[in-house]
$ cat target10.pdb   # PDB, C-alpha atoms and all ligand atoms
ATOM      1  CA  MET H1492       0.000   0.000   0.000  1.00  0.00           C
ATOM      2  CA  ALA H1493       3.093   2.246   0.206  1.00  0.00           C
ATOM      3  CA  PHE H1494       2.122   5.765   1.350  1.00  0.00           C
ATOM      4  CA  GLY H1495      -1.473   5.292   0.179  1.00  0.00           C
ATOM      5  CA  PRO H1496      -4.564   6.683   1.777  1.00  0.00           C
ATOM      6  CA  MET H1497      -5.829   5.395   5.087  1.00  0.00           C
ATOM      7  CA  GLY H1498      -8.660   2.949   4.509  1.00  0.00           C
ATOM      8  CA  HIS H1499      -7.141   1.352   1.404  1.00  0.00           C
ATOM      9  CA  ALA H1500      -6.198  -1.915   3.131  1.00  0.00           C
ATOM     10  CA  THR H1501      -9.170  -1.741   5.500  1.00  0.00           C
ATOM     11  CA  THR H1502     -11.560  -1.871   2.564  1.00  0.00           C
ATOM     12  CA  GLY H1503      -9.374  -3.662   0.009  1.00  0.00           C
ATOM     13  CA  VAL H1504      -9.169  -6.807   2.114  1.00  0.00           C
ATOM     14  CA  VAL H1505     -12.890  -7.354   1.548  1.00  0.00           C
ATOM     15  CA  GLY H1506     -12.397  -7.227  -2.222  1.00  0.00           C
ATOM     16  CA  ALA H1507      -9.385  -9.541  -1.992  1.00  0.00           C
ATOM     17  CA  ALA H1508     -11.361 -12.060   0.063  1.00  0.00           C
ATOM     18  CA  LEU H1509     -14.298 -11.965  -2.354  1.00  0.00           C
ATOM     19  CA  ALA H1510     -12.110 -12.184  -5.468  1.00  0.00           C
ATOM     20  CA  THR H1511     -10.083 -15.156  -4.212  1.00  0.00           C
ATOM     21  CA  GLY H1512     -12.639 -16.840  -1.965  1.00  0.00           C
ATOM     22  CA  LYS H1513      -9.767 -17.250   0.488  1.00  0.00           C
ATOM     23  CA  LYS H1514      -8.973 -15.796   3.875  1.00  0.00           C
ATOM     24  CA  SER H1515      -7.438 -12.397   3.314  1.00  0.00           C
ATOM     25  CA  VAL H1516      -5.635 -10.501   6.045  1.00  0.00           C
ATOM     26  CA  ALA H1517      -5.054  -6.766   6.423  1.00  0.00           C
ATOM     27  CA  VAL H1518      -2.835  -5.197   9.084  1.00  0.00           C
ATOM     28  CA  VAL H1519      -4.303  -1.760   9.756  1.00  0.00           C
ATOM     29  CA  GLY H1520      -4.187   1.150  12.191  1.00  0.00           C
ATOM     30  CA  ASP H1521      -7.050   1.856  14.551  1.00  0.00           C
ATOM     31  CA  GLY H1522      -7.564   5.266  12.950  1.00  0.00           C
ATOM     32  CA  ALA H1523      -7.901   3.703   9.511  1.00  0.00           C
ATOM     33  CA  MET H1524     -10.215   1.010  10.854  1.00  0.00           C
ATOM     34  CA  LEU H1525     -12.515   3.608  12.398  1.00  0.00           C
ATOM     35  CA  MET H1526     -12.896   5.393   9.063  1.00  0.00           C
ATOM     36  CA  SER H1527     -15.118   2.773   7.462  1.00  0.00           C
ATOM     37  CA  SER H1528     -17.751   0.116   8.110  1.00  0.00           C
ATOM     38  CA  GLU H1529     -16.201  -2.713   6.176  1.00  0.00           C
ATOM     39  CA  ILE H1530     -16.831  -5.412   8.775  1.00  0.00           C
ATOM     40  CA  SER H1531     -20.513  -5.007   8.096  1.00  0.00           C
ATOM     41  CA  THR H1532     -19.907  -5.170   4.327  1.00  0.00           C
ATOM     42  CA  ALA H1533     -17.793  -8.320   4.755  1.00  0.00           C
ATOM     43  CA  LYS H1534     -20.486  -9.939   6.869  1.00  0.00           C
ATOM     44  CA  ALA H1535     -23.217  -9.058   4.389  1.00  0.00           C
ATOM     45  CA  SER H1536     -21.231 -10.363   1.428  1.00  0.00           C
ATOM     46  CA  GLY H1537     -19.739 -13.428   3.148  1.00  0.00           C
ATOM     47  CA  ALA H1538     -16.161 -12.243   2.608  1.00  0.00           C
ATOM     48  CA  PRO H1539     -13.617 -14.206   4.721  1.00  0.00           C
ATOM     49  CA  ALA H1540     -11.719 -11.073   5.699  1.00  0.00           C
ATOM     50  CA  VAL H1541      -9.460 -10.631   8.717  1.00  0.00           C
ATOM     51  CA  TRP H1542      -8.270  -7.333  10.160  1.00  0.00           C
ATOM     52  CA  VAL H1543      -5.324  -7.186  12.540  1.00  0.00           C
ATOM     53  CA  VAL H1544      -5.836  -3.771  14.125  1.00  0.00           C
ATOM     54  CA  LEU H1545      -2.835  -2.038  15.713  1.00  0.00           C
ATOM     55  CA  ASN H1546      -4.758  -0.253  18.455  1.00  0.00           C
ATOM     56  CA  ASP H1547      -2.629   2.566  19.880  1.00  0.00           C
ATOM     57  CA  ALA H1548      -5.515   5.010  20.445  1.00  0.00           C
ATOM     58  CA  ARG H1549      -3.869   7.594  18.238  1.00  0.00           C
ATOM     59  CA  TYR H1550      -2.881   8.611  14.741  1.00  0.00           C
ATOM     60  CA  GLY H1551       0.521   7.202  15.523  1.00  0.00           C
ATOM     61  CA  MET H1552       2.337   8.108  12.330  1.00  0.00           C
ATOM     62  CA  ILE H1553       1.250  11.743  12.656  1.00  0.00           C
ATOM     63  CA  ASP H1554       2.083  11.775  16.366  1.00  0.00           C
ATOM     64  CA  GLU H1555       5.598  10.495  15.687  1.00  0.00           C
ATOM     65  CA  GLY H1556       6.056  12.860  12.752  1.00  0.00           C
ATOM     66  CA  MET H1557       5.236  15.836  14.963  1.00  0.00           C
ATOM     67  CA  ARG H1558       7.592  14.599  17.691  1.00  0.00           C
ATOM     68  CA  SER H1559      10.381  14.133  15.151  1.00  0.00           C
ATOM     69  CA  LEU H1560       9.993  17.837  14.295  1.00  0.00           C
ATOM     70  CA  GLY H1561      10.303  18.734  17.985  1.00  0.00           C
ATOM     71  CA  TRP H1562       6.623  19.616  18.289  1.00  0.00           C
ATOM     72  CA  THR H1563       4.254  18.643  21.064  1.00  0.00           C
ATOM     73  CA  PRO H1564       1.735  16.441  19.241  1.00  0.00           C
ATOM     74  CA  PHE H1565      -1.790  17.804  18.943  1.00  0.00           C
ATOM     75  CA  ALA H1566      -5.053  16.301  17.657  1.00  0.00           C
ATOM     76  CA  THR H1567      -3.453  12.878  17.363  1.00  0.00           C
ATOM     77  CA  GLU H1568      -5.212  11.058  20.220  1.00  0.00           C
ATOM     78  CA  ILE H1569      -8.383   9.092  19.573  1.00  0.00           C
ATOM     79  CA  PRO H1570     -10.514   7.032  21.982  1.00  0.00           C
ATOM     80  CA  GLU H1571      -9.369   3.444  22.531  1.00  0.00           C
ATOM     81  CA  ALA H1572     -12.035   1.643  20.508  1.00  0.00           C
ATOM     82  CA  ASP H1573     -13.283  -1.844  21.368  1.00  0.00           C
ATOM     83  CA  PHE H1574     -13.032  -3.439  17.927  1.00  0.00           C
ATOM     84  CA  VAL H1575     -14.321  -6.786  19.199  1.00  0.00           C
ATOM     85  CA  ALA H1576     -17.538  -5.083  20.294  1.00  0.00           C
ATOM     86  CA  ILE H1577     -17.752  -3.293  16.939  1.00  0.00           C
ATOM     87  CA  ALA H1578     -17.319  -6.612  15.081  1.00  0.00           C
ATOM     88  CA  ARG H1579     -19.917  -8.394  17.191  1.00  0.00           C
ATOM     89  CA  ALA H1580     -22.348  -5.529  16.777  1.00  0.00           C
ATOM     90  CA  VAL H1581     -22.547  -6.315  13.058  1.00  0.00           C
ATOM     91  CA  GLY H1582     -22.659 -10.101  13.406  1.00  0.00           C
ATOM     92  CA  ALA H1583     -18.937 -10.785  12.957  1.00  0.00           C
ATOM     93  CA  ASP H1584     -16.432 -11.792  15.631  1.00  0.00           C
ATOM     94  CA  GLY H1585     -13.049 -10.929  17.042  1.00  0.00           C
ATOM     95  CA  THR H1586     -10.667 -11.175  19.938  1.00  0.00           C
ATOM     96  CA  ARG H1587      -8.481  -8.732  21.829  1.00  0.00           C
ATOM     97  CA  VAL H1588      -4.757  -9.223  22.281  1.00  0.00           C
ATOM     98  CA  SER H1589      -3.336  -7.472  25.342  1.00  0.00           C
ATOM     99  CA  ARG H1590      -0.122  -9.499  25.647  1.00  0.00           C
ATOM    100  CA  GLU H1591       2.290 -10.742  23.029  1.00  0.00           C
ATOM    101  CA  SER H1592       1.796 -14.317  24.280  1.00  0.00           C
ATOM    102  CA  GLU H1593      -1.866 -14.140  23.184  1.00  0.00           C
ATOM    103  CA  LEU H1594      -1.072 -13.271  19.586  1.00  0.00           C
ATOM    104  CA  ASP H1595      -0.496 -16.735  18.073  1.00  0.00           C
ATOM    105  CA  ASP H1596      -3.744 -18.117  19.417  1.00  0.00           C
ATOM    106  CA  ALA H1597      -5.639 -15.030  18.256  1.00  0.00           C
ATOM    107  CA  LEU H1598      -4.248 -15.375  14.728  1.00  0.00           C
ATOM    108  CA  ARG H1599      -5.141 -19.089  14.678  1.00  0.00           C
ATOM    109  CA  ARG H1600      -8.708 -18.182  15.635  1.00  0.00           C
ATOM    110  CA  ALA H1601      -8.817 -15.520  12.947  1.00  0.00           C
ATOM    111  CA  LEU H1602      -7.665 -17.930  10.245  1.00  0.00           C
ATOM    112  CA  THR H1603     -10.221 -20.585  11.158  1.00  0.00           C
ATOM    113  CA  ALA H1604     -13.155 -18.279  11.917  1.00  0.00           C
ATOM    114  CA  LYS H1605     -16.367 -18.812   9.989  1.00  0.00           C
ATOM    115  CA  SER H1606     -17.192 -15.101   9.941  1.00  0.00           C
ATOM    116  CA  PRO H1607     -15.184 -11.947   9.261  1.00  0.00           C
ATOM    117  CA  PHE H1608     -12.807 -11.563  12.190  1.00  0.00           C
ATOM    118  CA  VAL H1609     -10.969  -8.751  13.956  1.00  0.00           C
ATOM    119  CA  VAL H1610      -7.798  -9.202  16.007  1.00  0.00           C
ATOM    120  CA  ASP H1611      -7.733  -6.095  18.211  1.00  0.00           C
ATOM    121  CA  VAL H1612      -4.082  -5.708  19.250  1.00  0.00           C
ATOM    122  CA  LEU H1613      -3.445  -3.260  22.088  1.00  0.00           C
ATOM    123  CA  MET H1614      -0.153  -1.516  21.405  1.00  0.00           C
ATOM    124  CA  ASP H1615       2.403  -0.227  23.900  1.00  0.00           C
ATOM    125  CA  ARG H1616       2.061   3.532  23.411  1.00  0.00           C
ATOM    126  CA  CYS H1617       5.541   4.165  24.778  1.00  0.00           C
ATOM    127  CA  GLU H1618       7.114   2.024  22.076  1.00  0.00           C
ATOM    128  CA  ARG H1619       8.165   4.024  19.026  1.00  0.00           C
ATOM    129  CA  ALA H1620       7.142   2.548  15.678  1.00  0.00           C
ATOM    130  CA  PRO H1621      10.067   1.416  13.487  1.00  0.00           C
ATOM    131  CA  SER H1622       9.226   4.189  11.022  1.00  0.00           C
ATOM    132  CA  GLY H1623      12.721   4.577   9.537  1.00  0.00           C
ATOM    133  CA  GLY H1624      12.971   1.011   8.256  1.00  0.00           C
ATOM    134  CA  ARG H1625       9.344   1.037   7.161  1.00  0.00           C
ATOM    135  CA  ASN H1626       9.773   4.236   5.178  1.00  0.00           C
ATOM    136  CA  ARG H1627      12.958   2.967   3.523  1.00  0.00           C
ATOM    137  CA  SER H1628      11.170  -0.271   2.597  1.00  0.00           C
ATOM    138  CA  LEU H1629       8.235   1.675   1.136  1.00  0.00           C
ATOM    139  CA  LEU H1630      10.614   3.843  -0.844  1.00  0.00           C
ATOM    140  CA  ARG H1631      12.304   0.733  -2.280  1.00  0.00           C
ATOM    141  CA  GLN H1632       8.905  -0.681  -3.275  1.00  0.00           C
ATOM    142  CA  VAL H1633       7.834   2.558  -4.960  1.00  0.00           C
ATOM    143  CA  ARG H1634      11.138   2.760  -6.835  1.00  0.00           C
ATOM    144  CA  ALA H1635      10.974  -0.907  -7.867  1.00  0.00           C
ATOM    145  CA  ALA H1636       7.423  -0.447  -9.148  1.00  0.00           C
ATOM    146  CA  SER H1637       8.458   2.589 -11.192  1.00  0.00           C
ATOM    147  CA  GLY H1638      11.617   0.928 -12.528  1.00  0.00           C
ATOM    148  CA  VAL H1639      14.028   3.312 -10.754  1.00  0.00           C
ATOM    149  CA  ASP H1640      16.939   1.790  -8.798  1.00  0.00           C
ATOM    150  CA  ALA H1641      16.522   2.034  -4.990  1.00  0.00           C
TER     151      ALA H1641
HETATM  152  C1  LIG S   1      -7.497   9.335   3.878  1.00  0.00           C
HETATM  153  C2  LIG S   1      -6.252   9.771   4.611  1.00  0.00           C
HETATM  154  N1  LIG S   1      -6.340  10.756   5.517  1.00  0.00           N
HETATM  155  C3  LIG S   1      -5.235  11.171   6.179  1.00  0.00           C
HETATM  156  C4  LIG S   1      -4.018  10.590   5.916  1.00  0.00           C
HETATM  157  C5  LIG S   1      -2.754  11.105   6.632  1.00  0.00           C
HETATM  158  N2  LIG S   1      -2.328  10.099   7.616  1.00  0.00           N
HETATM  159  C6  LIG S   1      -1.298   9.248   7.335  1.00  0.00           C
HETATM  160  S1  LIG S   1      -1.021   8.184   8.594  1.00  0.00           S
HETATM  161  C7  LIG S   1      -2.246   8.866   9.521  1.00  0.00           C
HETATM  162  C8  LIG S   1      -2.554   8.294  10.881  1.00  0.00           C
HETATM  163  C9  LIG S   1      -2.866   6.806  10.828  1.00  0.00           C
HETATM  164  O1  LIG S   1      -3.368   6.398  12.082  1.00  0.00           O
HETATM  165  P1  LIG S   1      -3.699   4.902  12.345  1.00  0.00           P
HETATM  166  O2  LIG S   1      -4.543   4.349  11.250  1.00  0.00           O
HETATM  167  O3  LIG S   1      -4.244   4.788  13.716  1.00  0.00           O
HETATM  168  O4  LIG S   1      -2.280   4.184  12.214  1.00  0.00           O
HETATM  169  P2  LIG S   1      -0.987   4.373  13.177  1.00  0.00           P
HETATM  170  O5  LIG S   1      -0.125   5.393  12.505  1.00  0.00           O
HETATM  171  O6  LIG S   1      -1.461   4.802  14.521  1.00  0.00           O
HETATM  172  O7  LIG S   1      -0.363   3.004  13.182  1.00  0.00           O
HETATM  173  C10 LIG S   1      -2.876   9.917   8.867  1.00  0.00           C
HETATM  174  C11 LIG S   1      -3.984  10.741   9.432  1.00  0.00           C
HETATM  175  C12 LIG S   1      -3.958   9.564   4.953  1.00  0.00           C
HETATM  176  N3  LIG S   1      -2.815   8.933   4.650  1.00  0.00           N
HETATM  177  N4  LIG S   1      -5.095   9.153   4.325  1.00  0.00           N
HETATM  178 MG    MG S   2      -3.256   4.322  15.488  1.00  0.00          MG
END
$ encode --input "target10.pdb" --output "structure tokens"
Amino acid sequence: MAFGPMGHATTGVVGAALATGKKSVAVVGDGAMLMSSEISTAKASGAPAVWVVLNDARYGMIDEGMRSLGWTPFATEIPEADFVAIARAVGADGTRVSRESELDDALRRALTAKSPFVVDVLMDRCERAPSGGRNRSLLRQVRAASGVDA
């Protein structure tokens, strides 16, 4: 997805699941997940979609960008959403991961679930995201796609 718009993976995973008929997994931010109602669409259309939501209760990339400029972040915090409750409210299912040791089991459940499934992963807000490596990787992908050497 490179530097694409928020919501691309959140919604695209439903199309991928429908097109392939296979489990399709998107790893998304909580902010992006809150922007759309795709769990309901997946449920209605029988799409075997899975969302792994990185729930840090903030627009993390913006927060870190502001900090890297020496600013005090503003307007980057969002309420900690209960994505399991949101999934169940539309007839789907999910599970919350609060500890790393719970992750494997949660992913196993997601991959065998009969309905669209959300893995709501609570993030450590003190832990900085590995943005440098991620951005370099994205840059390489963009350059490779456009035929320019990285
Ligand atoms: C439609 C759209 N609006 C705004 C942005 C700018 N933007 C890039 S990352 C980001 C925050 C993403 O927050 P979240 O989805 O919670 O992911 P996190 O960075 O916290 O992992 C924003 C607002 C964007 N890329 N696309
Ligand atoms: Mg976030």
$ atom_distance --input "target10.pdb" --atom1 "CA of Gly1520 (chain H)" --atom2 "CA of Gly1551 (chain H)"
8.4 Å
$ closest_atom_pairs --input "target10.pdb" --of "chain H" --to "ligand MG 2 (chain S)" --cutoff "7 Å" --atoms "all atoms listed in the file" --output "tab-separated table"
residue	atom	partner	partner_atom	distance
H:Gly1520	CA	S:MG2	MG	4.7
H:Asp1521	CA	S:MG2	MG	4.6
H:Gly1522	CA	S:MG2	MG	5.1
H:Leu1545	CA	S:MG2	MG	6.4
H:Asn1546	CA	S:MG2	MG	5.7
H:Asp1547	CA	S:MG2	MG	4.8
H:Ala1548	CA	S:MG2	MG	5.5
H:Arg1549	CA	S:MG2	MG	4.3
H:Tyr1550	CA	S:MG2	MG	4.4
H:Gly1551	CA	S:MG2	MG	4.7
$ resolve_selection --input "target10.pdb" --expression "the PyMOL selection byres (((chain H and resi 1519) around 8) and not hetatm)" --output "list in words"
Ala1500, Thr1501, Ala1517, Val1518, Gly1520, Asp1521, Ala1523, Met1524, Trp1542, Val1543, Val1544 and Leu1545 of chain H
$ closest_residue --input "target10.pdb" --among "H:Val1612, H:Leu1525, H:Met1557, H:Met1552" --to "Ile1569 (chain H)" --atoms "only C-alpha atoms"
H:Leu1525
$ resolve_selection --input "target10.pdb" --expression "the PyMOL selection byres (((chain H and resi 1608) around 8) and not hetatm)" --output "VMD selection string"
chain H and resid 1539 to 1542 1578 1583 to 1585 1601 1604 1606 to 1607 1609 to 1610
$ write_last_selection --input "target10.pdb" --atoms "C-alpha atoms" --output "PDB file, keeping the file's coordinate frame"
ATOM      1  CA  PRO H1539     -13.617 -14.206   4.721  1.00  0.00           C
ATOM      2  CA  ALA H1540     -11.719 -11.073   5.699  1.00  0.00           C
ATOM      3  CA  VAL H1541      -9.460 -10.631   8.717  1.00  0.00           C
ATOM      4  CA  TRP H1542      -8.270  -7.333  10.160  1.00  0.00           C
ATOM      5  CA  ALA H1578     -17.319  -6.612  15.081  1.00  0.00           C
ATOM      6  CA  ALA H1583     -18.937 -10.785  12.957  1.00  0.00           C
ATOM      7  CA  ASP H1584     -16.432 -11.792  15.631  1.00  0.00           C
ATOM      8  CA  GLY H1585     -13.049 -10.929  17.042  1.00  0.00           C
ATOM      9  CA  ALA H1601      -8.817 -15.520  12.947  1.00  0.00           C
ATOM     10  CA  ALA H1604     -13.155 -18.279  11.917  1.00  0.00           C
ATOM     11  CA  SER H1606     -17.192 -15.101   9.941  1.00  0.00           C
ATOM     12  CA  PRO H1607     -15.184 -11.947   9.261  1.00  0.00           C
ATOM     13  CA  VAL H1609     -10.969  -8.751  13.956  1.00  0.00           C
ATOM     14  CA  VAL H1610      -7.798  -9.202  16.007  1.00  0.00           C
TER      15      VAL H1610
END
$ closest_residue --input "target10.pdb" --among "H:Gly1537, H:Gly1512, H:Gly1503, H:Gly1556" --to "ligand LIG 1 (chain S)" --atoms "only C-alpha atoms and all ligand atoms"
H:Gly1556
$ resolve_selection --input "target10.pdb" --expression "the PyMOL selection byres (((chain H and resi 1509) around 10) and not hetatm)" --output "PyMOL selection string"
chain H and resi 1503-1508+1510-1515+1533+1536-1540
$ closest_residue --input "target10.pdb" --among "H:Gln1632, H:Ser1592, H:Thr1567, H:Ser1531" --to "ligand LIG 1 (chain S)" --atoms "all atoms listed in the file"
H:Thr1567
$ closest_residue --input "target10.pdb" --among "H:Pro1621, H:Gly1638, H:Gly1498, H:Gly1582" --to "Ala1535 (chain H)" --atoms "all atoms listed in the file"
H:Gly1582
$ closest_residue --input "target10.pdb" --among "H:Ala1620, H:Leu1598, H:Val1575, H:Leu1613" --to "ligand LIG 1 (chain S)" --atoms "all atoms listed in the file"
H:Ala1620
$ atom_distance --input "target10.pdb" --atom1 "CA of Asp1573 (chain H)" --atom2 "CA of Gly1623 (chain H)"
29.3 Å
$ axis_aligned_box --input "target10.pdb" --around "ligand LIG 1 (chain S)" --padding-each-side "8 Å" --output "lines of an AutoDock Vina configuration file"
center_x = -3.8
center_y = 7.1
center_z = 9.2
size_x = 23.4
size_y = 24.2
size_z = 26.6
$ closest_residue --input "target10.pdb" --among "H:Arg1590, H:Arg1625, H:Arg1634, H:Arg1579" --to "ligand LIG 1 (chain S)" --atoms "only C-alpha atoms and all ligand atoms"
H:Arg1625
$ atom_distance --input "target10.pdb" --atom1 "CA of Leu1630 (chain H)" --atom2 "atom S1 of ligand LIG 1 (chain S)"
15.6 Å
